[in-house]
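Engineer: Got a structure for you, written out below as structure tokens; questions coming shortly.
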Amino acid sequence: MERVNRICSHPLWTDSLKKIQELERDRIFCRHTIEHFLDVARIAYIENLEKNLHLSKEIIYGAALLHDIGRHLEYTQGIPHEEGSFQIAEEVLKECGFEKEEQEEILSAIQAHRRQETGFADDLAGILYRADKKSRNCAFCPAFQECNWDREKKNLVITV
């Protein structure tokens, strides 16, 4: 997990995380914190093991740590966060020692992680999509009533 730890200490990643935290400081639901990133990684890794997908732990954690890292660009510049995350991830992955094929797999998953059709695939993009949704414990959220998600989109059960 050496390369994953490099991501977490990369200046572009740490700066982006700080910007997100500042912009979401008063937000009472669905914050994009390190806890969210790690929850997504752990859930995705569990599904990987359960389905025998044989995806690398480092690839899964790398994708999870980077999938929402461009949120601040959506808030400040209107860039969809999957595009902003792609831009940041592209630079970070190169500098953290990921091979070209690994970079492409992670970047593709980041770009697709919000598309509903992605959720049906048994690949990195699919498990990232599902883990992102499952990581939100809507049933226990203090902002359940104020949340702008439709009830059908909310995660109301604990699943992996």
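Simple scheme: letters A, B, ... for chains in structure tokens order, numbers from 1 for residues in each chain, numbers from 1 for ligands in the order shown.
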Please report, as a Markdown table, each residue of segment 44-147 of chain A lying at most 9 Å from segment 9-31 of chain A, together with the nearest pair of atoms and the separation in Å rounded to one decimal; use only C-alpha atoms, and order rows by chain and ascending residue number.

Structural biologist:
| residue | atom | partner | partner_atom | distance |
| --- | --- | --- | --- | --- |
| A:Leu65 | CA | A:Trp13 | CA | 8.9 |
| A:Leu66 | CA | A:Trp13 | CA | 8.0 |
| A:Ile69 | CA | A:Ser16 | CA | 6.3 |
| A:Gly70 | CA | A:Ser16 | CA | 7.0 |
| A:Arg71 | CA | A:Ile20 | CA | 6.4 |
| A:His72 | CA | A:Ile20 | CA | 5.1 |
| A:Leu73 | CA | A:Ile20 | CA | 8.9 |
| A:Tyr75 | CA | A:Leu23 | CA | 7.7 |
| A:Thr76 | CA | A:Leu23 | CA | 9.0 |
| A:Ile88 | CA | A:Leu12 | CA | 7.2 |
| A:Ala89 | CA | A:Trp13 | CA | 8.3 |
| A:Glu91 | CA | A:Leu12 | CA | 8.5 |
| A:Val92 | CA | A:His10 | CA | 7.0 |
| A:Glu95 | CA | A:His10 | CA | 8.4 |
| A:Cys96 | CA | A:His10 | CA | 7.9 |
| A:Arg136 | CA | A:Cys30 | CA | 7.1 |
| A:Cys138 | CA | A:Phe29 | CA | 8.8 |
| A:Cys141 | CA | A:Phe29 | CA | 6.9 |
| A:Pro142 | CA | A:Ile28 | CA | 7.4 |
| A:Ala143 | CA | A:Phe29 | CA | 5.9 |
| A:Phe144 | CA | A:Phe29 | CA | 8.2 |
| A:Cys147 | CA | A:Phe29 | CA | 7.4 |

Engineer: Could you turn the residues from that selection into a file that holds C-alpha atoms, as a PDB file, in the first residue's frame?

Structural biologist:
ATOM      1  CA  LEU A  65      -9.188   8.046  -2.383  1.00  0.00           C
ATOM      2  CA  LEU A  66      -9.403   9.969  -5.649  1.00  0.00           C
ATOM      3  CA  ILE A  69     -11.226  14.649  -4.664  1.00  0.00           C
ATOM      4  CA  GLY A  70     -12.373  17.190  -7.281  1.00  0.00           C
ATOM      5  CA  ARG A  71     -15.488  18.177  -5.310  1.00  0.00           C
ATOM      6  CA  HIS A  72     -14.087  21.623  -4.546  1.00  0.00           C
ATOM      7  CA  LEU A  73     -13.854  22.328  -8.289  1.00  0.00           C
ATOM      8  CA  TYR A  75     -18.384  23.940  -5.790  1.00  0.00           C
ATOM      9  CA  THR A  76     -16.110  26.772  -6.919  1.00  0.00           C
ATOM     10  CA  ILE A  88      -6.382  15.793 -10.081  1.00  0.00           C
ATOM     11  CA  ALA A  89      -6.048  11.996 -10.136  1.00  0.00           C
ATOM     12  CA  GLU A  91      -1.387  14.082 -11.977  1.00  0.00           C
ATOM     13  CA  VAL A  92      -1.358  12.363  -8.590  1.00  0.00           C
ATOM     14  CA  GLU A  95       3.636  11.043  -9.410  1.00  0.00           C
ATOM     15  CA  CYS A  96       2.770   8.220  -7.003  1.00  0.00           C
ATOM     16  CA  ARG A 136     -23.894   6.556   2.881  1.00  0.00           C
ATOM     17  CA  CYS A 138     -29.021   7.639   5.034  1.00  0.00           C
ATOM     18  CA  CYS A 141     -28.364  10.679   8.965  1.00  0.00           C
ATOM     19  CA  PRO A 142     -29.449  13.708  11.007  1.00  0.00           C
ATOM     20  CA  ALA A 143     -30.338  15.459   7.736  1.00  0.00           C
ATOM     21  CA  PHE A 144     -32.591  12.645   6.479  1.00  0.00           C
ATOM     22  CA  CYS A 147     -31.773  15.698   2.127  1.00  0.00           C
TER      23      CYS A 147
END

Engineer: Using DSSP on the backbone coordinates, identify the residues of segment 15-146 of chain A assigned to helix (DSSP H, G or I); present them as a PyMOL selection string.

Structural biologist: chain A and resi 15-23+34-50+57-66+71-77+81-95+100-112+116-120+124-134+138-140

Engineer: With only C-alpha atoms as the basis for distance, which of A:Glu83, A:Glu152, A:Asp123, A:Glu74 is at the shortest distance from Ile110 of chain A?

Structural biologist: A:Glu83

Engineer: To one decimal place in Å, what is the distance between atom CA of Ile43 of chain A and atom CA of Met1 of chain A?

Structural biologist: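 Pair atom CA of Ile43 of chain A / atom CA of Met1 of chain A returns 16.8 Å.
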
Engineer: Got a sec: who's within 9 Å of Glu90 of chain A, counting only C-alpha atoms, leaving out chain neighbours fewer than 6 positions off, as a list in words?

Structural biologist: Gln103, Glu104 and Leu107 of chain A

Engineer: Interatomic distance between atom CA of Leu128 of chain A and atom CA of Arg3 of chain A?

Structural biologist: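 Atom CA of Arg3 of chain A lies at a distance of 18.6 Å from atom CA of Leu128 of chain A.
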
Engineer: With only C-alpha atoms as the atoms that count, which of A:His36, A:His54, A:His113, A:Lys100 lies nearest to Ser85 of chain A?

Structural biologist: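 That would be A:His113, the residue with the smallest distance to Ser85 of chain A.
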
Engineer: I'd like the contact shell of segment 38-41 of chain A - 8 Å cut-off, only C-alpha atoms, skipping same-chain residues fewer than 5 positions apart - returned as a PyMOL selection string.

Structural biologist: chain A and resi 60-61+63-65+128+131-132+134-135

Engineer: Would you save the residues from that selection as a PDB file, in the first residue's frame, using N, CA, C and O atoms?

Structural biologist:
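Generated file (part_23.pdb):
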ATOM      1  N   ILE A  60      -7.902  -0.420  -5.847  1.00  0.00           N
ATOM      2  CA  ILE A  60      -9.197  -0.086  -5.254  1.00  0.00           C
ATOM      3  C   ILE A  60      -9.058   1.102  -4.317  1.00  0.00           C
ATOM      4  O   ILE A  60      -9.832   2.060  -4.398  1.00  0.00           O
ATOM      5  N   TYR A  61      -8.086   1.071  -3.433  1.00  0.00           N
ATOM      6  CA  TYR A  61      -7.896   2.174  -2.491  1.00  0.00           C
ATOM      7  C   TYR A  61      -7.509   3.455  -3.218  1.00  0.00           C
ATOM      8  O   TYR A  61      -7.983   4.545  -2.868  1.00  0.00           O
ATOM      9  N   ALA A  63      -8.350   4.356  -6.275  1.00  0.00           N
ATOM     10  CA  ALA A  63      -9.564   4.882  -6.918  1.00  0.00           C
ATOM     11  C   ALA A  63     -10.488   5.522  -5.889  1.00  0.00           C
ATOM     12  O   ALA A  63     -11.045   6.595  -6.124  1.00  0.00           O
ATOM     13  N   ALA A  64     -10.667   4.872  -4.756  1.00  0.00           N
ATOM     14  CA  ALA A  64     -11.568   5.397  -3.722  1.00  0.00           C
ATOM     15  C   ALA A  64     -11.054   6.714  -3.146  1.00  0.00           C
ATOM     16  O   ALA A  64     -11.836   7.640  -2.907  1.00  0.00           O
ATOM     17  N   LEU A  65      -9.755   6.812  -2.936  1.00  0.00           N
ATOM     18  CA  LEU A  65      -9.188   8.046  -2.383  1.00  0.00           C
ATOM     19  C   LEU A  65      -9.288   9.219  -3.359  1.00  0.00           C
ATOM     20  O   LEU A  65      -9.272  10.372  -2.948  1.00  0.00           O
ATOM     21  N   LEU A 128     -16.759   0.600  -7.405  1.00  0.00           N
ATOM     22  CA  LEU A 128     -16.612   1.963  -6.886  1.00  0.00           C
ATOM     23  C   LEU A 128     -17.979   2.643  -6.813  1.00  0.00           C
ATOM     24  O   LEU A 128     -18.319   3.282  -5.810  1.00  0.00           O
ATOM     25  N   ALA A 131     -19.994   0.924  -3.945  1.00  0.00           N
ATOM     26  CA  ALA A 131     -19.423   1.247  -2.630  1.00  0.00           C
ATOM     27  C   ALA A 131     -19.707   2.697  -2.255  1.00  0.00           C
ATOM     28  O   ALA A 131     -19.977   3.006  -1.088  1.00  0.00           O
ATOM     29  N   ASP A 132     -19.663   3.582  -3.228  1.00  0.00           N
ATOM     30  CA  ASP A 132     -19.973   4.994  -2.979  1.00  0.00           C
ATOM     31  C   ASP A 132     -21.394   5.133  -2.447  1.00  0.00           C
ATOM     32  O   ASP A 132     -21.643   5.875  -1.489  1.00  0.00           O
ATOM     33  N   LYS A 134     -23.301   2.642  -1.065  1.00  0.00           N
ATOM     34  CA  LYS A 134     -23.459   1.892   0.187  1.00  0.00           C
ATOM     35  C   LYS A 134     -22.780   2.567   1.372  1.00  0.00           C
ATOM     36  O   LYS A 134     -23.127   2.301   2.524  1.00  0.00           O
ATOM     37  N   SER A 135     -21.825   3.434   1.103  1.00  0.00           N
ATOM     38  CA  SER A 135     -21.098   4.094   2.194  1.00  0.00           C
ATOM     39  C   SER A 135     -21.938   5.149   2.905  1.00  0.00           C
ATOM     40  O   SER A 135     -21.587   5.591   3.997  1.00  0.00           O
TER      41      SER A 135
END

Engineer: Can you work out the spacing between atom CA of Arg6 of chain A and atom CA of Glu105 of chain A in Å, to one decimal?

Structural biologist: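 A separation of 18.3 Å between them.
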